[in-house]
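Colleague: Can you read through this structure? Questions will come right after.
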Amino acid sequence: MEKIENGIYFEDTFPGVTIGAIVLTNGTIMIDSPLRSEDARSWRATLLNIGSSTKRFLVNLDPHPDRTLGSRAMETTIVTHTNTAEELKFRPSVFKGHNLLSGAEWEINDQVIGTRWIHPVITFDQQMLFHLNENEIILEHHPGPSSGAIWVIVPSAKVVFIGDTVVPNQPPFLAQADILDWIEALNILSKSYRNYIIVSGRGGPIPIETVRSQRTFLNKTIKGLERLAKKDSPPEKTENLSKRLIKDFSIPSNHKTQFMNRLQHGLFQYYTSNYQAEEEELD
């Protein structure tokens, strides 16, 4: 666990995503959960040891399994965007896994198979405020990586947790994305939060240059997809695009297959949903 500011922490050593916590005397907000139940219990105990209040809330920044599978083991009230709650509602009660090869962390942690989902108790549409001590903590909707993606903002400390809005040194998850919304979220982040500590959900604090790099990559991605669409290319042609785009990243050898799977899967799904579907409607 690493301290960002007084009472604000992140942890990036568990499999899954980078998690966070805002620990105040009259309440604790936990940001995402470790992937595995045993890690979730360990994280909960760590927070109690540093003075976490028994009044706790868990905020899921989007519905991705990497950050929601361990939520039940956190044993607290869960808060999400309404779109995230809708997606979780339609998942089977028990996570059985599947062979998507989507490049997610859960795919290399098969002990999570059999985990039972838990549904959020509190949801919101655009913005939700917590008032703890004299601190205002803002939950705010910023779609892009998914329709239910949100940020947790602590204005007094100038800290913002952004989930998968920026994923440094690895390809982002595109399958459930809206790239144009995503680029708009990055524009907001680079303009309005340039003086904040920006905490990625897959890597911890990042410099503003990484936000700009994410935007550049997404612009390149959308242009590549549009070129394929203009040629009426089948979805299988996105594999060639993924081979070009992966060159934008310096990937350790032990993650090459995982990250290539992520990019290929995401491009295929995005192209099928956003370009093939449009053609079928026109037909």
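Naming scheme: A, B, ... for chains in displayed order of the structure tokens; residues 1 onward per chain; ligands 1 onward as shown.
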Excluding region 232-247 of chain A and residues on its chain fewer than 4 positions from it, collect all residues at most 9 Å away from it, counting only C-alpha atoms, and give them as a ChimeraX atom specification.
Modeller: /A:170-171,217,220-221,224-225,227-228,251,259-260,263-265,267-269,271-272,276,279
Colleague: I need the residues from that last selection saved to file as an mmCIF file, in the first residue's frame (with N, CA and C atoms), if you can.
Modeller:
```
data_model
loop_
_atom_site.group_PDB
_atom_site.id
_atom_site.type_symbol
_atom_site.label_atom_id
_atom_site.label_comp_id
_atom_site.auth_asym_id
_atom_site.auth_seq_id
_atom_site.Cartn_x
_atom_site.Cartn_y
_atom_site.Cartn_z
ATOM 1 N N GLN A 170 0.194 -0.420 -21.768
ATOM 2 C CA GLN A 170 -0.541 -1.606 -22.215
ATOM 3 C C GLN A 170 -1.744 -1.160 -23.034
ATOM 4 N N PRO A 171 -2.226 -2.009 -23.948
ATOM 5 C CA PRO A 171 -3.401 -1.621 -24.726
ATOM 6 C C PRO A 171 -4.640 -1.571 -23.852
ATOM 7 N N PHE A 217 -3.316 7.335 -28.997
ATOM 8 C CA PHE A 217 -3.554 5.944 -29.388
ATOM 9 C C PHE A 217 -5.006 5.740 -29.827
ATOM 10 N N LYS A 220 -5.619 7.203 -33.242
ATOM 11 C CA LYS A 220 -5.046 6.324 -34.263
ATOM 12 C C LYS A 220 -5.940 5.095 -34.473
ATOM 13 N N THR A 221 -6.469 4.572 -33.387
ATOM 14 C CA THR A 221 -7.339 3.395 -33.458
ATOM 15 C C THR A 221 -8.602 3.682 -34.246
ATOM 16 N N GLY A 224 -7.919 3.928 -37.934
ATOM 17 C CA GLY A 224 -7.694 2.613 -38.520
ATOM 18 C C GLY A 224 -8.989 1.854 -38.741
ATOM 19 N N LEU A 225 -9.896 1.932 -37.785
ATOM 20 C CA LEU A 225 -11.188 1.258 -37.912
ATOM 21 C C LEU A 225 -12.026 1.880 -39.025
ATOM 22 N N ARG A 227 -10.894 3.354 -41.699
ATOM 23 C CA ARG A 227 -10.340 2.927 -42.992
ATOM 24 C C ARG A 227 -10.846 1.535 -43.368
ATOM 25 N N LEU A 228 -10.899 0.646 -42.387
ATOM 26 C CA LEU A 228 -11.432 -0.699 -42.651
ATOM 27 C C LEU A 228 -12.891 -0.628 -43.070
ATOM 28 N N ILE A 251 6.179 -3.907 -24.463
ATOM 29 C CA ILE A 251 5.515 -4.912 -23.636
ATOM 30 C C ILE A 251 6.521 -5.965 -23.170
ATOM 31 N N PHE A 259 -1.589 -9.248 -23.899
ATOM 32 C CA PHE A 259 -1.928 -7.928 -24.397
ATOM 33 C C PHE A 259 -2.322 -7.954 -25.875
ATOM 34 N N MET A 260 -1.723 -8.860 -26.652
ATOM 35 C CA MET A 260 -2.152 -8.994 -28.037
ATOM 36 C C MET A 260 -3.577 -9.546 -28.101
ATOM 37 N N LEU A 263 -5.971 -6.679 -27.376
ATOM 38 C CA LEU A 263 -6.149 -5.733 -28.469
ATOM 39 C C LEU A 263 -6.945 -6.353 -29.612
ATOM 40 N N GLN A 264 -6.626 -7.582 -29.980
ATOM 41 C CA GLN A 264 -7.349 -8.240 -31.068
ATOM 42 C C GLN A 264 -8.820 -8.431 -30.719
ATOM 43 N N HIS A 265 -9.081 -8.909 -29.506
ATOM 44 C CA HIS A 265 -10.464 -9.116 -29.080
ATOM 45 C C HIS A 265 -11.223 -7.794 -29.070
ATOM 46 N N LEU A 267 -10.632 -4.895 -30.666
ATOM 47 C CA LEU A 267 -10.853 -4.328 -32.002
ATOM 48 C C LEU A 267 -11.931 -5.094 -32.757
ATOM 49 N N PHE A 268 -11.897 -6.416 -32.663
ATOM 50 C CA PHE A 268 -12.899 -7.240 -33.351
ATOM 51 C C PHE A 268 -14.295 -6.893 -32.844
ATOM 52 N N GLN A 269 -14.454 -6.857 -31.515
ATOM 53 C CA GLN A 269 -15.768 -6.582 -30.935
ATOM 54 C C GLN A 269 -16.228 -5.164 -31.239
ATOM 55 N N TYR A 271 -15.334 -3.198 -33.759
ATOM 56 C CA TYR A 271 -15.648 -3.062 -35.189
ATOM 57 C C TYR A 271 -16.983 -3.727 -35.511
ATOM 58 N N THR A 272 -17.196 -4.907 -34.976
ATOM 59 C CA THR A 272 -18.443 -5.627 -35.223
ATOM 60 C C THR A 272 -19.642 -4.842 -34.696
ATOM 61 N N GLN A 276 -20.066 -2.959 -38.424
ATOM 62 C CA GLN A 276 -20.859 -4.001 -39.076
ATOM 63 C C GLN A 276 -22.341 -3.823 -38.773
ATOM 64 N N GLU A 279 -23.817 -1.146 -40.946
ATOM 65 C CA GLU A 279 -24.039 -1.600 -42.317
ATOM 66 C C GLU A 279 -25.296 -2.446 -42.416
#
```
Colleague: Could you give me, as JSON lines, every region 50-167 of chain A residue with an atom at most 8 Å from region 18-23 of chain A, plus its closest atom pair and distance in Å to one decimal, counting only C-alpha atoms, rows ordered by chain then number?
Modeller:
```
{"residue": "A:Gly51", "atom": "CA", "partner": "A:Val23", "partner_atom": "CA", "distance": 7.4}
{"residue": "A:Ser52", "atom": "CA", "partner": "A:Val23", "partner_atom": "CA", "distance": 5.6}
{"residue": "A:Ser53", "atom": "CA", "partner": "A:Val23", "partner_atom": "CA", "distance": 7.4}
{"residue": "A:Phe161", "atom": "CA", "partner": "A:Gly20", "partner_atom": "CA", "distance": 7.9}
```
Colleague: Grab the residues selected above and save them as a tab-separated table (two decimals), in the first residue's frame with C-alpha atoms.
Modeller:
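Done, and the output landed in again-v5.tsv:
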```
chain	number	residue	atom	x	y	z
A	51	GLY	CA	-7.93	3.19	11.18
A	52	SER	CA	-10.63	2.52	8.61
A	53	SER	CA	-14.09	3.34	9.90
A	161	PHE	CA	-9.09	7.97	-9.50
```
Colleague: Would you list the contacts of Phe130 (chain A) as a list of chain:residue names, taking every protein, DNA or RNA residue within 12 Å and counting only C-alpha atoms, but skipping same-chain residues closer than 3 positions in sequence?
Modeller: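 Everything that qualifies: A:Ile22, A:Leu24, A:Asn26, A:Gly27, A:Thr28, A:Ile29, A:Arg56, A:Phe57, A:Val59, A:Val79, A:Gln127, A:Asn133, A:Glu134, A:Asn135, A:Glu136, A:Ile137, A:Ile138, A:Leu139, A:Glu140, A:Val152, A:Ile153, A:Val154, A:Pro155.
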Colleague: Got a sec: who's within 12 Å of His64 (chain A), counting only C-alpha atoms, leaving out chain neighbours fewer than 2 positions off, as number ranges by chain?
Modeller: A: 16-17, 32-33, 35, 60-62, 66-71, 80, 84-85, 87-88, 91, 102-106, 145-149, 163-164, 173-177, 201
Colleague: Taking only C-alpha atoms into account, name the residue in A:Val167, A:Ile206, A:Val211, A:Leu48 that is nearest to Asn187 (chain A).
Modeller: A:Val211
